[in-house]
Amino acid sequence: MTENEIRDFLFNNHKSDLQTLISNTRAPLALPQDTFPSIAQLLQNRTEAKINKMIENLETLQLDGKEVRLVRDSDSTTRIDLLGSIADSGDLVIIELKKSDQTERQAFNELLGYSNHFCTLFPPLSESSIQSILIAPMEGRGVRDALAQELIINKKNTLALIPRVDGGGIALEAYYPSELYYRWFENNVLDDSSMTVVTASFPMVDGWIDAGEPGGMPPGYTQNAFKTMTGLVAQRLEEAGLHGFVYARQYWAETCPAFALPNSLVLCLVNPFSQLRTSSSEGAVFGASDQLRLNAVQAIVDQVPENNYWLESLHSAFIGQAIRIMQDSFEEFFISQDGIAVRPEISVPDWWGFKTNMIEAVICHNMHIRLTGILRTVFDDYIAHCYLNGIDEIYFSDDLPKFGYIAHDHFLAVWEILNGLSWTETEEETEAD
């Protein structure tokens with residue numbers, strides 16, 4: 001069958017039962033029962049469960065049109081192969097079909113573009129209300145990489161189905177990303193050396209941000225200000241697709257007079273260009289990563305002229321992005337008609353040195369921590385695991401808070417748990433020796 005024949009066959013014969021053609025679905029990766037799983041296992045389980053849920057949702061799919069013409073500007077016209085909707089949720093379903101592996105990456109890009117177009121046509125529709133389906137051989141590395149990125153990191157509702165033509169019939173085989181994609185998110189994304197830290201320190205603002213009485217916590221209005229600030233920074237991180245956490249810190253009231261800038265927001269981000277994970281020397285790539293990943297990075301570096309500092313420049317640019325997020329956030333925090341200017345002093349300390357420094361981490365109140373991205377996913381799953389088993393082996397022990405939300409806003413618990421989850425089997429064996 002040609003692409004057009006497959007499209008017409010699906011529309012004419014399976015307008016309301018496309019799901020019945022889908023085969024080779026599988027149960028999500030089973031997670032270990034006695035221990036908390038690795039990040040790779042968590043992500044694989046979550047992604048495969050999401051794929052199965054999207055397939056399940058197609059049970060009430062109704063195909064509404066074929067070759068639906070879209071006019072996206074004055075001289076550009078494209079056509080959606082199949083357009084449908086899910087009765088239970090009202091979600092739109094856009095299906096693009098390519099039989100050749102030579103054009104499937106282009107089709108995938110078009111599919112994502114169609115989703116954006118519908119969001120423009122029906123504001124404030126978001127991509128979370130659109131399910132995109134690519135029917136293609138899934139033989140090209142480019143389209144497999146793109147699908148994995150959209151599912152695992154961008155968390156888009158994208159589904160791939162491989163067409164199998166048998167005589168006059170068609171089967172659609174469910175496609176699942178290889179476990180390799182999950183292994184690239186190895187446990188050292190929680191390693192201290194993978195973190196970029198930016199601190200923004202600022203003075204007291206009388207009547208608004210104060211230290212309170214010696215021996216006590218900052219006043220309620222001060223804590224409310226910090227809570228709002230960390231929440232707004234976390235929103236910026238989510239919008240930028242960054243993985244990390246932010247918290248507020250104020251020195252103890254007894255010591256505040258010794259510091260011109262006793263307040264700080266501390267931003268800690270997983271740097272994808274961390275020199276721990278990927279470095280180069282004289283053009284050779286190395287680092288604490290899966291060797292296949294290092295090989296893939298090496299292949300890119302080999303094609304970059306003057307490549308001695310290419311990875312290092314990406315690392316530095318990421319730090320610059322983190323600094324700008326802090327600076328832009330402070331402009332938003334302290335915008336005022338009174339002309340009061342609160343400008344932070346920015347620094348970029350080493351995370352391990354910062355969090356083990358007596359002044360920076362001990363003689364101060366650390367509060368209102370907010371997690372984003374993969375770190376929030378991992379922490380959420382770990383807390384659920386603890387409540388299911390009635391014990392937290394890293395911090396709370398058998399004295400879990402009555403409700404889970406308390407654990408999520410408990411600075412020391414988040415700090416210790418993330419640190420504990422970064423502990424690898426190799427480290428444990430070394431310590432045992």
# chains A, B, ... in the order shown; residues from 1 in each chain; ligands from 1
call {"tool": "select_by_dssp", "arguments": {"residues": "stretch 9-235 of chain A", "states": "alpha helix (DSSP H)", "output": "PyMOL selection string"}}
result
chain A and resi 9-13+39-57+104-121+141-148+179-183+220-235
call {"tool": "write_last_selection", "arguments": {"atoms": "C-alpha atoms", "output": "PDB file, in the first residue's frame"}}
result
ATOM      1  CA  PHE A   9      -7.939   2.705   4.465  1.00  0.00           C
ATOM      2  CA  LEU A  10      -7.717   3.970   8.036  1.00  0.00           C
ATOM      3  CA  PHE A  11     -10.208   6.765   7.451  1.00  0.00           C
ATOM      4  CA  ASN A  12     -12.733   4.707   5.520  1.00  0.00           C
ATOM      5  CA  ASN A  13     -12.581   1.536   7.635  1.00  0.00           C
ATOM      6  CA  ILE A  39      16.627   7.422  37.540  1.00  0.00           C
ATOM      7  CA  ALA A  40      16.830   5.457  34.290  1.00  0.00           C
ATOM      8  CA  GLN A  41      14.331   2.890  35.588  1.00  0.00           C
ATOM      9  CA  LEU A  42      12.003   5.603  36.854  1.00  0.00           C
ATOM     10  CA  LEU A  43      11.977   7.475  33.559  1.00  0.00           C
ATOM     11  CA  GLN A  44      11.497   4.313  31.519  1.00  0.00           C
ATOM     12  CA  ASN A  45       8.600   3.175  33.695  1.00  0.00           C
ATOM     13  CA  ARG A  46       6.948   6.601  33.549  1.00  0.00           C
ATOM     14  CA  THR A  47       7.399   6.994  29.788  1.00  0.00           C
ATOM     15  CA  GLU A  48       6.171   3.520  28.899  1.00  0.00           C
ATOM     16  CA  ALA A  49       3.179   3.945  31.193  1.00  0.00           C
ATOM     17  CA  LYS A  50       2.417   7.229  29.413  1.00  0.00           C
ATOM     18  CA  ILE A  51       2.633   5.556  26.000  1.00  0.00           C
ATOM     19  CA  ASN A  52       0.189   2.878  27.137  1.00  0.00           C
ATOM     20  CA  LYS A  53      -2.163   5.522  28.543  1.00  0.00           C
ATOM     21  CA  MET A  54      -2.155   7.404  25.238  1.00  0.00           C
ATOM     22  CA  ILE A  55      -2.989   4.175  23.408  1.00  0.00           C
ATOM     23  CA  GLU A  56      -5.764   3.456  25.893  1.00  0.00           C
ATOM     24  CA  ASN A  57      -7.213   6.936  25.341  1.00  0.00           C
ATOM     25  CA  GLU A 104       9.798  10.362   8.641  1.00  0.00           C
ATOM     26  CA  ARG A 105      11.920  12.976  10.476  1.00  0.00           C
ATOM     27  CA  GLN A 106      10.417  15.708   8.328  1.00  0.00           C
ATOM     28  CA  ALA A 107       6.954  14.307   9.030  1.00  0.00           C
ATOM     29  CA  PHE A 108       7.643  14.360  12.766  1.00  0.00           C
ATOM     30  CA  ASN A 109       8.682  18.013  12.607  1.00  0.00           C
ATOM     31  CA  GLU A 110       5.532  18.808  10.646  1.00  0.00           C
ATOM     32  CA  LEU A 111       3.469  16.981  13.243  1.00  0.00           C
ATOM     33  CA  LEU A 112       4.840  19.142  16.058  1.00  0.00           C
ATOM     34  CA  GLY A 113       4.279  22.226  13.904  1.00  0.00           C
ATOM     35  CA  TYR A 114       0.616  21.282  13.419  1.00  0.00           C
ATOM     36  CA  SER A 115       0.168  21.113  17.186  1.00  0.00           C
ATOM     37  CA  ASN A 116       1.559  24.615  17.584  1.00  0.00           C
ATOM     38  CA  HIS A 117      -0.711  25.855  14.795  1.00  0.00           C
ATOM     39  CA  PHE A 118      -3.835  24.576  16.543  1.00  0.00           C
ATOM     40  CA  CYS A 119      -2.714  26.240  19.776  1.00  0.00           C
ATOM     41  CA  THR A 120      -2.522  29.492  17.828  1.00  0.00           C
ATOM     42  CA  LEU A 121      -5.954  28.983  16.279  1.00  0.00           C
ATOM     43  CA  ARG A 141      18.048   7.579  14.227  1.00  0.00           C
ATOM     44  CA  GLY A 142      16.958  11.210  13.945  1.00  0.00           C
ATOM     45  CA  VAL A 143      13.248  10.558  14.413  1.00  0.00           C
ATOM     46  CA  ARG A 144      13.872   8.075  17.244  1.00  0.00           C
ATOM     47  CA  ASP A 145      15.996  10.668  19.058  1.00  0.00           C
ATOM     48  CA  ALA A 146      13.384  13.367  18.519  1.00  0.00           C
ATOM     49  CA  LEU A 147      10.546  11.198  19.812  1.00  0.00           C
ATOM     50  CA  ALA A 148      12.523  10.216  22.913  1.00  0.00           C
ATOM     51  CA  GLU A 179      16.401   1.749  27.176  1.00  0.00           C
ATOM     52  CA  LEU A 180      19.580   3.486  25.968  1.00  0.00           C
ATOM     53  CA  TYR A 181      17.794   6.853  26.108  1.00  0.00           C
ATOM     54  CA  TYR A 182      17.014   6.364  29.790  1.00  0.00           C
ATOM     55  CA  ARG A 183      20.520   5.239  30.672  1.00  0.00           C
ATOM     56  CA  GLY A 220       5.986  35.591  58.914  1.00  0.00           C
ATOM     57  CA  TYR A 221       5.895  38.397  56.348  1.00  0.00           C
ATOM     58  CA  THR A 222       9.562  37.756  55.535  1.00  0.00           C
ATOM     59  CA  GLN A 223       8.938  34.049  55.059  1.00  0.00           C
ATOM     60  CA  ASN A 224       5.952  34.817  52.846  1.00  0.00           C
ATOM     61  CA  ALA A 225       8.192  37.021  50.699  1.00  0.00           C
ATOM     62  CA  PHE A 226      10.781  34.262  50.388  1.00  0.00           C
ATOM     63  CA  LYS A 227       8.081  31.716  49.574  1.00  0.00           C
ATOM     64  CA  THR A 228       6.758  33.902  46.760  1.00  0.00           C
ATOM     65  CA  MET A 229      10.247  34.531  45.400  1.00  0.00           C
ATOM     66  CA  THR A 230      11.263  30.867  45.264  1.00  0.00           C
ATOM     67  CA  GLY A 231       7.909  29.998  43.687  1.00  0.00           C
ATOM     68  CA  LEU A 232       8.377  32.579  40.929  1.00  0.00           C
ATOM     69  CA  VAL A 233      11.942  31.471  40.204  1.00  0.00           C
ATOM     70  CA  ALA A 234      10.737  27.851  40.028  1.00  0.00           C
ATOM     71  CA  GLN A 235       8.123  28.904  37.465  1.00  0.00           C
TER      72      GLN A 235
END
call {"tool": "residues_around", "arguments": {"residues": "A:Asp91", "least_positions_apart": "4", "cutoff": "9 Å", "atoms": "only C-alpha atoms", "output": "list of chain:residue names"}}
result
A:Gly84, A:Ser85, A:Ile86, A:Ala87, A:Ser128, A:Ser129, A:Ile130, A:Gln131
call {"tool": "select_by_dssp", "arguments": {"residues": "stretch 8-131 of chain A", "states": "strand (DSSP E or B)", "output": "MDAnalysis selection string"}}
result
chainID A and resid 22:23 61:73 76:86 92:97 130:131
call {"tool": "write_last_selection", "arguments": {"atoms": "C-alpha atoms", "output": "mmCIF file, in the first residue's frame"}}
result
data_model
loop_
_atom_site.group_PDB
_atom_site.id
_atom_site.type_symbol
_atom_site.label_atom_id
_atom_site.label_comp_id
_atom_site.auth_asym_id
_atom_site.auth_seq_id
_atom_site.Cartn_x
_atom_site.Cartn_y
_atom_site.Cartn_z
ATOM 1 C CA ILE A 22 -2.574 -1.355 17.578
ATOM 2 C CA SER A 23 -0.468 -4.368 18.507
ATOM 3 C CA LEU A 61 -10.992 8.336 19.085
ATOM 4 C CA GLN A 62 -13.142 9.516 16.202
ATOM 5 C CA LEU A 63 -11.398 10.369 12.922
ATOM 6 C CA ASP A 64 -13.084 13.551 11.701
ATOM 7 C CA GLY A 65 -11.220 14.383 8.519
ATOM 8 C CA LYS A 66 -8.443 13.436 6.118
ATOM 9 C CA GLU A 67 -6.066 15.666 4.169
ATOM 10 C CA VAL A 68 -7.248 18.595 6.262
ATOM 11 C CA ARG A 69 -5.883 21.745 4.654
ATOM 12 C CA LEU A 70 -4.137 24.281 6.906
ATOM 13 C CA VAL A 71 -3.320 27.793 5.767
ATOM 14 C CA ARG A 72 -0.569 28.989 8.107
ATOM 15 C CA ASP A 73 0.381 32.196 6.292
ATOM 16 C CA SER A 76 1.952 28.398 2.840
ATOM 17 C CA THR A 77 -0.536 25.554 2.688
ATOM 18 C CA THR A 78 -0.106 22.152 4.300
ATOM 19 C CA ARG A 79 -2.345 19.177 4.873
ATOM 20 C CA ILE A 80 -2.868 16.990 7.933
ATOM 21 C CA ASP A 81 -3.182 13.351 6.926
ATOM 22 C CA LEU A 82 -5.805 12.550 9.568
ATOM 23 C CA LEU A 83 -7.531 14.742 12.145
ATOM 24 C CA GLY A 84 -9.601 13.389 14.994
ATOM 25 C CA SER A 85 -10.807 13.967 18.534
ATOM 26 C CA ILE A 86 -11.140 11.891 21.688
ATOM 27 C CA LEU A 92 -7.501 16.828 19.452
ATOM 28 C CA VAL A 93 -5.583 14.049 17.684
ATOM 29 C CA ILE A 94 -3.305 14.845 14.743
ATOM 30 C CA ILE A 95 -1.936 11.943 12.701
ATOM 31 C CA GLU A 96 0.876 12.179 10.166
ATOM 32 C CA LEU A 97 1.766 9.168 8.042
ATOM 33 C CA ILE A 130 -3.327 17.610 21.705
ATOM 34 C CA GLN A 131 -2.155 14.085 20.981
#
call {"tool": "residues_around", "arguments": {"residues": "A:Leu314", "least_positions_apart": "4", "cutoff": "7 Å", "atoms": "only C-alpha atoms", "output": "number ranges by chain"}}
result
A: 273, 310, 318
call {"tool": "write_last_selection", "arguments": {"atoms": "C-alpha atoms", "output": "tab-separated table (two decimals), in the first residue's frame"}}
result
chain	number	residue	atom	x	y	z
A	273	PHE	CA	27.12	20.51	29.80
A	310	TRP	CA	33.61	24.15	22.37
A	318	PHE	CA	24.54	27.65	30.62
call {"tool": "residues_around", "arguments": {"residues": "A:Glu238", "least_positions_apart": "3", "cutoff": "12 Å", "atoms": "only C-alpha atoms", "output": "PyMOL selection string"}}
result
chain A and resi 153-155+231-235+241-246+269+325+370-376
call {"tool": "write_last_selection", "arguments": {"atoms": "N, CA and C atoms", "output": "mmCIF file, in the first residue's frame"}}
result
data_model
loop_
_atom_site.group_PDB
_atom_site.id
_atom_site.type_symbol
_atom_site.label_atom_id
_atom_site.label_comp_id
_atom_site.auth_asym_id
_atom_site.auth_seq_id
_atom_site.Cartn_x
_atom_site.Cartn_y
_atom_site.Cartn_z
ATOM 1 N N ILE A 153 11.788 14.214 28.093
ATOM 2 C CA ILE A 153 12.169 15.505 28.653
ATOM 3 C C ILE A 153 11.074 16.547 28.480
ATOM 4 N N ASN A 154 10.553 16.699 27.264
ATOM 5 C CA ASN A 154 9.541 17.722 27.015
ATOM 6 C C ASN A 154 8.145 17.303 27.455
ATOM 7 N N LYS A 155 7.970 16.000 27.730
ATOM 8 C CA LYS A 155 6.707 15.465 28.258
ATOM 9 C C LYS A 155 5.524 15.773 27.356
ATOM 10 N N GLY A 231 8.943 30.510 44.592
ATOM 11 C CA GLY A 231 7.909 29.998 43.687
ATOM 12 C C GLY A 231 8.008 30.601 42.304
ATOM 13 N N LEU A 232 8.271 31.909 42.229
ATOM 14 C CA LEU A 232 8.377 32.579 40.929
ATOM 15 C C LEU A 232 9.619 32.139 40.171
ATOM 16 N N VAL A 233 10.739 31.965 40.878
ATOM 17 C CA VAL A 233 11.942 31.471 40.204
ATOM 18 C C VAL A 233 11.698 30.061 39.666
ATOM 19 N N ALA A 234 11.036 29.216 40.477
ATOM 20 C CA ALA A 234 10.737 27.851 40.028
ATOM 21 C C ALA A 234 9.880 27.862 38.768
ATOM 22 N N GLN A 235 8.938 28.794 38.678
ATOM 23 C CA GLN A 235 8.123 28.904 37.465
ATOM 24 C C GLN A 235 8.993 29.225 36.255
ATOM 25 N N GLY A 241 12.473 24.776 30.940
ATOM 26 C CA GLY A 241 12.781 23.352 30.847
ATOM 27 C C GLY A 241 14.036 22.969 31.604
ATOM 28 N N LEU A 242 14.315 23.652 32.723
ATOM 29 C CA LEU A 242 15.528 23.398 33.498
ATOM 30 C C LEU A 242 15.218 22.525 34.711
ATOM 31 N N HIS A 243 16.216 21.749 35.114
ATOM 32 C CA HIS A 243 16.051 20.781 36.188
ATOM 33 C C HIS A 243 16.905 21.212 37.383
ATOM 34 N N GLY A 244 16.274 21.443 38.513
ATOM 35 C CA GLY A 244 17.052 21.868 39.659
ATOM 36 C C GLY A 244 16.182 22.229 40.839
ATOM 37 N N PHE A 245 16.674 23.140 41.670
ATOM 38 C CA PHE A 245 15.895 23.619 42.805
ATOM 39 C C PHE A 245 16.377 25.004 43.195
ATOM 40 N N VAL A 246 15.515 25.700 43.918
ATOM 41 C CA VAL A 246 15.833 27.028 44.416
ATOM 42 C C VAL A 246 15.321 27.116 45.844
ATOM 43 N N LEU A 269 21.166 24.122 39.605
ATOM 44 C CA LEU A 269 20.656 23.510 38.385
ATOM 45 C C LEU A 269 21.552 22.375 37.906
ATOM 46 N N ILE A 325 18.451 34.394 34.733
ATOM 47 C CA ILE A 325 17.175 34.046 35.375
ATOM 48 C C ILE A 325 17.084 34.717 36.743
ATOM 49 N N ARG A 370 12.118 24.714 46.332
ATOM 50 C CA ARG A 370 11.225 24.349 45.223
ATOM 51 C C ARG A 370 12.017 23.552 44.192
ATOM 52 N N LEU A 371 11.525 22.374 43.845
ATOM 53 C CA LEU A 371 12.180 21.500 42.875
ATOM 54 C C LEU A 371 11.521 21.622 41.512
ATOM 55 N N THR A 372 12.303 21.419 40.451
ATOM 56 C CA THR A 372 11.748 21.457 39.103
ATOM 57 C C THR A 372 12.294 20.299 38.267
ATOM 58 N N GLY A 373 11.580 19.981 37.192
ATOM 59 C CA GLY A 373 12.058 19.020 36.197
ATOM 60 C C GLY A 373 12.294 17.630 36.747
ATOM 61 N N ILE A 374 13.387 17.018 36.302
ATOM 62 C CA ILE A 374 13.709 15.650 36.680
ATOM 63 C C ILE A 374 13.882 15.518 38.190
ATOM 64 N N LEU A 375 14.464 16.518 38.840
ATOM 65 C CA LEU A 375 14.664 16.428 40.281
ATOM 66 C C LEU A 375 13.332 16.375 41.017
ATOM 67 N N ARG A 376 12.359 17.141 40.549
ATOM 68 C CA ARG A 376 11.036 17.079 41.173
ATOM 69 C C ARG A 376 10.389 15.719 40.931
#
call {"tool": "atom_distance", "arguments": {"atom1": "atom CA of A:Ala299", "atom2": "atom CA of A:Ala284"}}
result
10.1 Å
call {"tool": "atom_distance", "arguments": {"atom1": "atom CA of A:Phe396", "atom2": "atom CA of A:Asp409"}}
result
13.6 Å
call {"tool": "closest_residue", "arguments": {"among": "A:Ile369, A:Leu388, A:Val165, A:Ile363", "to": "A:Ile406", "atoms": "only C-alpha atoms"}}
result
A:Ile369
